[in-house]
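**Q** The following file, protein_1.txt, comprises compact mmCIF, C-alpha atoms:
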```
# COMPACT_ATOMS: atom_id res chain seq x y z
CA MET A 1 216.20 7.39 83.97
CA VAL A 2 219.63 6.40 82.61
CA THR A 3 219.89 3.47 80.23
CA MET A 4 222.51 0.85 81.04
CA ILE A 5 223.36 -1.53 78.23
CA THR A 6 225.71 -4.44 78.77
CA VAL A 7 226.76 -6.70 75.89
CA LEU A 8 227.47 -10.38 76.45
CA ARG A 9 229.66 -11.99 73.78
CA LEU A 10 229.17 -15.74 73.86
CA GLY A 11 231.88 -18.30 73.24
CA HIS A 12 235.04 -16.32 72.44
CA ARG A 13 237.69 -18.71 71.08
CA LEU A 14 241.42 -18.00 71.43
CA GLY A 15 243.27 -17.85 68.14
CA ARG A 16 240.08 -17.74 66.13
CA ASP A 17 237.82 -14.91 67.32
CA ALA A 18 240.18 -12.14 68.45
CA ARG A 19 239.41 -9.78 65.57
CA ILE A 20 235.64 -10.28 65.52
CA SER A 21 235.38 -10.12 69.33
CA THR A 22 237.44 -6.93 69.34
CA HIS A 23 235.03 -5.46 66.80
CA VAL A 24 232.04 -6.47 68.93
CA GLY A 25 233.62 -4.54 71.80
CA LEU A 26 234.46 -1.51 69.67
CA VAL A 27 230.93 -1.35 68.25
CA ALA A 28 229.41 -1.79 71.72
CA ARG A 29 231.43 1.17 73.02
CA ALA A 30 231.01 3.44 70.00
CA PHE A 31 227.26 2.81 69.70
CA GLY A 32 226.32 3.48 73.32
CA ALA A 33 226.75 0.38 75.48
CA GLN A 34 228.59 0.86 78.78
CA LYS A 35 230.06 -2.60 79.27
CA ILE A 36 230.96 -5.83 77.52
CA ILE A 37 231.32 -9.24 79.10
CA TYR A 38 233.20 -11.98 77.25
CA SER A 39 232.58 -15.68 77.86
CA GLY A 40 234.44 -18.66 76.49
CA ASP A 41 238.23 -18.52 76.41
CA LYS A 42 239.94 -15.77 78.38
CA ASP A 43 241.88 -13.46 76.06
CA GLU A 44 243.71 -10.67 77.89
CA LYS A 45 245.27 -9.33 74.68
CA MET A 46 241.90 -8.87 72.99
CA MET A 47 240.37 -7.31 76.10
CA ASN A 48 243.35 -4.97 76.53
CA SER A 49 242.89 -3.75 72.95
CA ILE A 50 239.42 -2.50 73.83
CA LYS A 51 240.57 -1.07 77.17
CA ASN A 52 243.30 0.86 75.32
CA VAL A 53 240.79 2.29 72.85
CA THR A 54 238.65 3.44 75.77
CA LYS A 55 241.69 4.98 77.45
CA GLU A 56 242.62 6.95 74.30
CA TRP A 57 239.17 7.75 72.88
CA GLY A 58 237.08 8.02 76.06
CA GLY A 59 234.28 6.24 77.82
CA PRO A 60 232.84 5.23 80.11
CA PHE A 61 233.17 1.62 78.96
CA SER A 62 234.36 -1.50 80.75
CA VAL A 63 235.49 -4.92 79.59
CA VAL A 64 235.24 -8.00 81.78
CA TYR A 65 235.60 -11.75 81.43
CA GLN A 66 233.20 -14.35 82.82
CA LYS A 67 233.85 -17.94 81.83
CA ASN A 68 230.28 -19.09 82.40
CA TRP A 69 227.72 -17.22 80.26
CA LYS A 70 224.86 -19.03 82.02
CA ASN A 71 225.74 -17.30 85.30
CA VAL A 72 225.89 -13.91 83.58
CA ILE A 73 222.38 -14.34 82.17
CA LYS A 74 220.98 -15.88 85.37
CA ASN A 75 222.38 -13.14 87.63
CA PHE A 76 221.55 -10.19 85.39
CA SER A 77 218.80 -8.01 86.83
CA GLY A 78 217.14 -6.49 83.83
CA VAL A 79 215.91 -7.41 80.38
CA LYS A 80 217.80 -10.01 78.35
CA VAL A 81 217.82 -9.52 74.57
CA HIS A 82 219.39 -12.11 72.27
CA LEU A 83 220.26 -10.91 68.77
CA THR A 84 219.64 -13.63 66.21
CA MET A 85 218.14 -14.23 62.79
CA TYR A 86 215.34 -16.39 64.21
CA GLY A 87 213.51 -14.00 66.53
CA ILE A 88 210.91 -11.26 66.25
CA PRO A 89 212.00 -8.65 63.69
CA ILE A 90 213.65 -5.61 65.30
CA GLN A 91 211.25 -3.26 63.52
CA GLU A 92 208.30 -4.97 65.26
CA ILE A 93 209.72 -5.02 68.80
CA LYS A 94 212.03 -1.99 69.04
CA SER A 95 209.43 0.30 70.65
CA GLU A 96 208.75 -2.18 73.45
CA ILE A 97 212.46 -2.78 74.12
CA ARG A 98 213.21 0.95 73.93
CA ARG A 99 211.12 1.40 77.11
CA LYS A 100 213.57 -0.84 79.02
CA ARG A 101 216.49 0.72 80.89
CA ASN A 102 218.75 -2.12 82.08
CA ILE A 103 219.48 -4.38 79.12
CA LEU A 104 221.78 -7.32 78.52
CA VAL A 105 222.32 -7.69 74.77
CA ILE A 106 223.56 -11.16 73.91
CA VAL A 107 225.48 -11.86 70.71
CA GLY A 108 226.78 -15.21 69.58
CA GLY A 109 230.13 -16.47 68.54
CA GLU A 110 230.32 -20.12 67.77
CA LYS A 111 226.98 -21.94 67.45
CA VAL A 112 224.65 -20.41 70.04
CA PRO A 113 223.38 -23.04 72.50
CA SER A 114 219.63 -23.61 72.15
CA GLU A 115 219.25 -22.87 75.86
CA VAL A 116 219.96 -19.17 75.17
CA TYR A 117 216.76 -18.90 73.13
CA HIS A 118 214.73 -20.05 76.16
CA VAL A 119 216.34 -18.06 79.01
CA VAL A 120 216.08 -14.59 77.46
CA ASP A 121 213.18 -12.15 77.48
CA TYR A 122 213.47 -11.37 73.77
CA ASN A 123 214.94 -13.11 70.73
CA VAL A 124 215.30 -10.25 68.27
CA ALA A 125 215.89 -10.81 64.56
CA ILE A 126 218.24 -8.45 62.80
CA THR A 127 217.12 -9.73 59.38
CA ASN A 128 216.15 -13.36 58.85
CA GLN A 129 219.38 -14.07 56.99
CA PRO A 130 222.81 -15.20 58.18
CA HIS A 131 224.81 -12.18 59.32
CA SER A 132 227.60 -10.95 61.57
CA GLU A 133 227.17 -10.38 65.30
CA VAL A 134 229.05 -7.10 64.81
CA ALA A 135 226.49 -5.87 62.30
CA ALA A 136 223.58 -7.13 64.41
CA LEU A 137 224.85 -5.26 67.46
CA ALA A 138 225.35 -2.03 65.50
CA VAL A 139 221.85 -2.21 64.01
CA PHE A 140 220.26 -3.02 67.38
CA LEU A 141 221.98 -0.17 69.23
CA HIS A 142 221.24 2.25 66.39
CA LYS A 143 217.55 1.34 66.51
CA TYR A 144 217.46 1.41 70.32
CA PHE A 145 218.99 4.89 70.55
CA SER A 146 217.16 6.20 67.44
CA GLY A 147 220.47 7.37 65.96
CA LYS A 148 221.34 9.61 68.93
CA GLU A 149 224.37 7.41 69.72
CA LEU A 150 226.05 8.91 66.65
CA GLU A 151 226.31 12.22 68.53
CA LYS A 152 227.64 10.74 71.77
CA LYS A 153 230.48 12.59 73.53
CA PHE A 154 233.02 10.39 75.29
CA LYS A 155 234.41 11.47 78.65
CA GLY A 156 238.11 11.40 79.36
CA ALA A 157 239.16 11.15 75.71
CA LYS A 158 242.79 11.93 74.92
CA LEU A 159 242.15 12.03 71.17
CA LYS A 160 239.37 13.31 68.94
CA ILE A 161 238.72 13.29 65.23
CA ILE A 162 238.17 16.55 63.39
CA PRO A 163 235.62 15.74 60.66
CA GLN A 164 236.64 16.81 57.18
CA GLU A 165 235.72 15.99 53.62
CA LYS A 166 239.11 14.50 52.68
CA GLY A 167 241.99 13.09 54.66
CA LYS A 168 242.30 12.32 58.35
CA LYS A 169 242.77 14.74 61.19
CA VAL A 170 243.15 13.65 64.79
CA GLU A 171 243.91 16.06 67.63
CA GLU A 172 244.87 15.64 71.23
CA VAL A 173 242.17 16.81 73.59
CA ARG A 174 243.23 19.80 75.67
CA LYS A 175 242.23 19.61 79.29
```
Once more with this new file: its structure as C-alpha cells, please.
**A**
Amino acid sequence: MVTMITVLRLGHRLGRDARISTHVGLVARAFGAQKIIYSGDKDEKMMNSIKNVTKEWGGPFSVVYQKNWKNVIKNFSGVKVHLTMYGIPIQEIKSEIRRKRNILVIVGGEKVPSEVYHVVDYNVAITNQPHSEVAALAVFLHKYFSGKELEKKFKGAKLKIIPQEKGKKVEEVRK
C-alpha cells in the first residue's frame, strides 16, 4: 500500500511568510510528502518557487492553494495530524500513525485557531517547546518514514548533486 502524505500550511500571509512557507514546501517535498496545500493569502510567487524546484530537482510533488483551510480538513478522506507543541509526544504516537496511509499533516503559520485542535485525529507534539513549523514537519516526516526518506529518488529530475567531502558538485541528469 502506497503512502500519500499531503501537508496543509495554515494561514500564509503575503509579505510576511513567503520565506518560511517556501521552506515548509521544500521540506515537505524533500522529506517524502507528495503535495502541499496553502491556505490564507494566495501567493503565486511563493508557490511558483516550489514548483520550479520540483521541475528542476524532480518529484512527484504538487502545490495548490485553497483559501479555506476548514474545507480542506473537512473534505480530506484520511487521517488528520496536527503538528504542535501541545499534543501527544511524537515518540509515543509514531507507531500508531505509521500504520496510516493517507495523511494530512497540518502545520501552523500565524496563531493556530483552537478549532484545529478539535477537528483532527491527532495533535502531535514535536517537543513541548516553541519551535518552527519547518522543523516540526521535518522531524515528523523523518520519524514517519524511519529515515528512509533520506534515500528517496526523485523522478524527472534535471539536476542532481554528486556528494563529496568538500565543495559543491551538481550535474545535469542524462536521459
**Q** For A:Met46, list every protein, DNA or RNA residue within 12 Å, evaluated using all atoms listed in the file, and leave out those in the same chain fewer than 5 positions away; present the list as number ranges by chain.
**A** A: 12-26, 38, 41, 51-53, 63-65
**Q** Any idea what the distance is between atom CA of A:Gly147 and atom CA of A:Ile161?
**A** 19.2 Å
**Q** Determine, counting all atoms listed in the file, which protein, DNA and RNA residues have an atom within 10 Å of an atom of stretch 112-120 of chain A; residues of the same chain fewer than 5 positions away are not included. Present the result as an mmCIF file with C-alpha atoms, in the coordinates of the input.
**A**
```
data_model
loop_
_atom_site.group_PDB
_atom_site.id
_atom_site.type_symbol
_atom_site.label_atom_id
_atom_site.label_comp_id
_atom_site.auth_asym_id
_atom_site.auth_seq_id
_atom_site.Cartn_x
_atom_site.Cartn_y
_atom_site.Cartn_z
ATOM 1 C CA LEU A 10 229.170 -15.740 73.860
ATOM 2 C CA GLY A 11 231.880 -18.300 73.240
ATOM 3 C CA TRP A 69 227.720 -17.220 80.260
ATOM 4 C CA LYS A 70 224.860 -19.030 82.020
ATOM 5 C CA ILE A 73 222.380 -14.340 82.170
ATOM 6 C CA LYS A 74 220.980 -15.880 85.370
ATOM 7 C CA VAL A 79 215.910 -7.410 80.380
ATOM 8 C CA LYS A 80 217.800 -10.010 78.350
ATOM 9 C CA VAL A 81 217.820 -9.520 74.570
ATOM 10 C CA HIS A 82 219.390 -12.110 72.270
ATOM 11 C CA LEU A 83 220.260 -10.910 68.770
ATOM 12 C CA THR A 84 219.640 -13.630 66.210
ATOM 13 C CA TYR A 86 215.340 -16.390 64.210
ATOM 14 C CA GLY A 87 213.510 -14.000 66.530
ATOM 15 C CA LEU A 104 221.780 -7.320 78.520
ATOM 16 C CA VAL A 105 222.320 -7.690 74.770
ATOM 17 C CA ILE A 106 223.560 -11.160 73.910
ATOM 18 C CA VAL A 107 225.480 -11.860 70.710
#
```
**Q** Can you tell me how far atom CA of A:Ile126 sits from atom CA of A:His142, in Å to one decimal?
**A**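 If I compute the distance from atom CA of A:Ile126 to atom CA of A:His142, I get 11.7 Å.
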**Q** Work out how far apart atom CA of A:Gln164 and atom CA of A:Ala135 are and give it in Å to one decimal.
**A** 25.4 Å
**Q** Pick the closest to A:Phe140 from A:Asn128, A:Glu56, A:Lys45, A:Phe31: which is it, counting all atoms listed in the file?
**A**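 So, comparing all the options, the nearest one is A:Phe31.
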**Q** Counting all atoms listed in the file, note down every residue that has an atom within 10 Å of the point (231.9, -10.9, 81.4) (file coordinates), as a count of residues only.
**A** 22
